[in-house]
Amino acid sequence: MARDLHHLLLLAALLQQLSATSAGDVATGSGGEKVHVAIYYESLCPYSARFVTNHLLKAYRDGLLDAADLTLVPYGNAKVDAHGAITCQVGSSPSPFGCRDAHTDVGILACCMQHGPDECLLNTVQACAIDAWPDVKVHLGFIYCVSDLVMKNRHREWESCFQKQGLDPKPVTECYKGERGHNLSLEYGRQTAELVPPHQFVPWVVVDGKPLYNDYGKFEAYICKAYKGYPLLEACRSPGMEAENDVYGRL
Ligand SMILES: *[C@@H]1O[C@H](CO)[C@@H](O)[C@H](O)[C@H]1NC(C)=O
């Protein structure tokens with residue numbers, strides 16, 4: 001009995017190793033250059049939160065993020081004043097954390113409204129999560145959890161995400177309350193300000209250096225199109241992933 005168990009464990013370990021190896025091959029195998037994906041977003045913007053909970057999670061589940069270098073930039077439209085303080089000023093939005101849509105010149109409804117101190121806080125918390133857990137699987141899980149609460153109007157319960165994701169709160173808590181968190185947010189602010197062309201709204205999704213503008217809903221198709229590796233990513237074979245030329249006109 002004990003021997004059987006031992007064999008079983010050995011087999012499980014072997015299988016795990018095998019699957020880890022093949023996942024790595026997809027990303028780094030022959031000619032498999034990773035696609036650079038950067039997402040500039042705001043923690044409390046419903047469009048950003050929805051992007052995370054829908055598109056980003058789906059891309060992760062479909063294995064597309066294995067083929068990508070993902071950079072998350074939780075900052076959006078926050079401002080740094082002359083003294084280095086970061087503010088997420090609430091605009092003239094009638095609801096306390098509501099986001100009023102704005103029409104941009106690309107015709108999309110965009111969330112350019114700031115959502116107040118809670119937004120700065122959660123931007124920094126997410127920056128700290130990325131810093132504390134560089135593994136995408138881990139920090140994306142946490143950011144997904146927070147974004148899901150944002151979508152449910154329960155973002156103030158964000159600390160429940162530590163437990164839900166089985167994560168130690170300590171590194172993030174120390175970070176967001178201290179200088180480290182502030183520094184990280186300043187750095188994300190710099191990266192956001194340096195965007196060429198500048199972002200017009202959030203989420204601002206950039207694939208291999210090119211912004212998707214209001215086509216960010218087709219995020220997965222853009223990754224498939226940009227991915228030069230072999231073998232083809234399984235998820236890219238499904239219908240709807242083929243590029244229509246006009247869809248890629250901007251790329
Ligand atoms: C924050 O940035 C300042 C200025 O670059 C630096 O001196 C300081 O050591 C940083 N602090 C932390 C905790 O990273």
# chains A, B, ... in the order shown; residues from 1 in each chain; ligands from 1
call {"tool": "select_by_dssp", "arguments": {"residues": "segment 107-237 of chain A", "states": "helix (DSSP H, G or I)", "output": "MDAnalysis selection string"}}
result
chainID A and resid 117:132 136:151 155:157 160:164 170:177 179:193 213:226 234:237
call {"tool": "residues_near_ligand", "arguments": {"ligand": "ligand 1", "cutoff": "10 Å", "atoms": "only C-alpha atoms and all ligand atoms", "output": "list in words"}}
result
Cys175, Gly178, Glu179, Arg180, Gly181, His182, Asn183, Leu184, Leu186 and Glu187 of chain A
call {"tool": "residues_around", "arguments": {"residues": "Thr192 of chain A", "least_positions_apart": "4", "cutoff": "9 Å", "atoms": "only C-alpha atoms", "output": "JSON, numbers by chain"}}
result
{"A": [40, 73, 75, 76, 77, 187, 188, 198, 199]}
call {"tool": "residues_around", "arguments": {"residues": "Ala49 of chain A", "least_positions_apart": "3", "cutoff": "9 Å", "atoms": "only C-alpha atoms", "output": "ChimeraX atom specification"}}
result
/A:41-46,52-54,144,146-151,203
call {"tool": "closest_residue", "arguments": {"among": "A:Leu212, A:His36, A:Gln163, A:Glu194", "to": "Leu64 of chain A", "atoms": "only C-alpha atoms"}}
result
A:His36
call {"tool": "residues_around", "arguments": {"residues": "Lys210 of chain A", "least_positions_apart": "5", "cutoff": "12 Å", "atoms": "only C-alpha atoms", "output": "ChimeraX atom specification"}}
result
/A:35-39,195-199,204-205,215-216,219,222-223,226,248-251
call {"tool": "write_last_selection", "arguments": {"atoms": "N, CA and C atoms", "output": "short mmCIF file (atom, residue, chain, number, x, y, z; two decimals), in the first residue's frame"}}
result
data_model
loop_
_atom_site.label_atom_id
_atom_site.label_comp_id
_atom_site.auth_asym_id
_atom_site.auth_seq_id
_atom_site.Cartn_x
_atom_site.Cartn_y
_atom_site.Cartn_z
N VAL A 35 5.48 37.57 -27.30
CA VAL A 35 4.78 38.78 -27.72
C VAL A 35 4.77 39.73 -26.53
N HIS A 36 5.13 40.98 -26.78
CA HIS A 36 5.13 41.95 -25.69
C HIS A 36 3.73 42.54 -25.54
N VAL A 37 3.20 42.36 -24.38
CA VAL A 37 1.86 42.87 -24.13
C VAL A 37 1.91 43.78 -22.91
N ALA A 38 1.46 45.00 -23.08
CA ALA A 38 1.42 45.92 -21.94
C ALA A 38 0.01 46.46 -21.78
N ILE A 39 -0.44 46.49 -20.56
CA ILE A 39 -1.79 46.96 -20.29
C ILE A 39 -1.74 48.08 -19.27
N LEU A 195 4.29 56.93 -22.86
CA LEU A 195 3.66 56.19 -23.97
C LEU A 195 3.64 57.01 -25.25
N VAL A 196 4.05 56.37 -26.32
CA VAL A 196 3.97 56.99 -27.66
C VAL A 196 3.22 56.04 -28.58
N PRO A 197 2.07 56.42 -29.13
CA PRO A 197 1.33 57.65 -28.81
C PRO A 197 0.79 57.59 -27.38
N PRO A 198 0.48 58.76 -26.81
CA PRO A 198 -0.04 58.76 -25.44
C PRO A 198 -1.38 58.00 -25.34
N HIS A 199 -1.66 57.47 -24.18
CA HIS A 199 -2.94 56.77 -24.02
C HIS A 199 -4.08 57.77 -24.06
N TRP A 204 -5.68 50.71 -21.82
CA TRP A 204 -4.91 51.01 -23.02
C TRP A 204 -4.00 49.80 -23.25
N VAL A 205 -4.32 49.04 -24.28
CA VAL A 205 -3.66 47.75 -24.48
C VAL A 205 -2.67 47.87 -25.63
N ASP A 215 -10.04 48.55 -30.09
CA ASP A 215 -10.17 47.17 -30.55
C ASP A 215 -9.66 46.19 -29.49
N TYR A 216 -9.48 46.71 -28.26
CA TYR A 216 -8.83 45.86 -27.25
C TYR A 216 -9.63 44.61 -26.89
N PHE A 219 -8.22 41.38 -28.10
CA PHE A 219 -6.92 41.15 -27.50
C PHE A 219 -6.29 39.81 -27.92
N TYR A 222 -5.11 39.56 -31.47
CA TYR A 222 -3.88 40.34 -31.71
C TYR A 222 -2.65 39.58 -31.23
N ILE A 223 -2.80 38.88 -30.11
CA ILE A 223 -1.65 38.08 -29.64
C ILE A 223 -1.35 36.98 -30.65
N ALA A 226 0.40 38.39 -33.58
CA ALA A 226 1.77 38.86 -33.31
C ALA A 226 2.72 37.70 -33.02
N TYR A 248 -6.46 44.30 -38.47
CA TYR A 248 -5.05 44.50 -38.15
C TYR A 248 -4.46 45.72 -38.83
N GLY A 249 -5.32 46.48 -39.43
CA GLY A 249 -4.83 47.66 -40.14
C GLY A 249 -3.95 48.55 -39.29
N ARG A 250 -4.28 48.63 -38.03
CA ARG A 250 -3.52 49.53 -37.17
C ARG A 250 -2.22 48.92 -36.69
N LEU A 251 -2.12 47.63 -36.77
CA LEU A 251 -0.91 47.01 -36.23
C LEU A 251 0.28 47.19 -37.15
#
call {"tool": "atom_distance", "arguments": {"atom1": "atom CA of His55 of chain A", "atom2": "atom CA of Lys34 of chain A"}}
result
18.6 Å
call {"tool": "residues_around", "arguments": {"residues": "segment 125-136 of chain A", "least_positions_apart": "4", "cutoff": "8 Å", "atoms": "only C-alpha atoms", "output": "PyMOL selection string"}}
result
chain A and resi 43+70+73-74+121+140-143+171-173+175-176+181+184-185
call {"tool": "write_last_selection", "arguments": {"atoms": "C-alpha atoms", "output": "CSV table (one decimal), in the first residue's frame"}}
result
chain,number,residue,atom,x,y,z
A,43,SER,CA,-7.9,49.8,-10.6
A,70,LEU,CA,2.9,40.6,-19.8
A,73,VAL,CA,0.7,49.1,-15.4
A,74,PRO,CA,-1.8,50.0,-12.8
A,121,LEU,CA,-4.6,53.0,-3.0
A,140,LEU,CA,-2.7,38.1,-12.0
A,141,GLY,CA,-4.7,35.9,-9.7
A,142,PHE,CA,-4.7,38.6,-7.0
A,143,ILE,CA,-5.4,41.4,-9.5
A,171,PRO,CA,4.8,41.9,1.6
A,172,VAL,CA,2.0,43.8,-0.1
A,173,THR,CA,0.8,45.5,3.1
A,175,CYS,CA,4.8,47.9,0.4
A,176,TYR,CA,1.6,49.9,-0.1
A,181,GLY,CA,4.6,51.4,-2.9
A,184,LEU,CA,6.4,51.9,-7.7
A,185,SER,CA,3.4,54.1,-8.5
call {"tool": "atom_distance", "arguments": {"atom1": "atom CA of Lys170 of chain A", "atom2": "atom CA of Glu119 of chain A"}}
result
20.6 Å
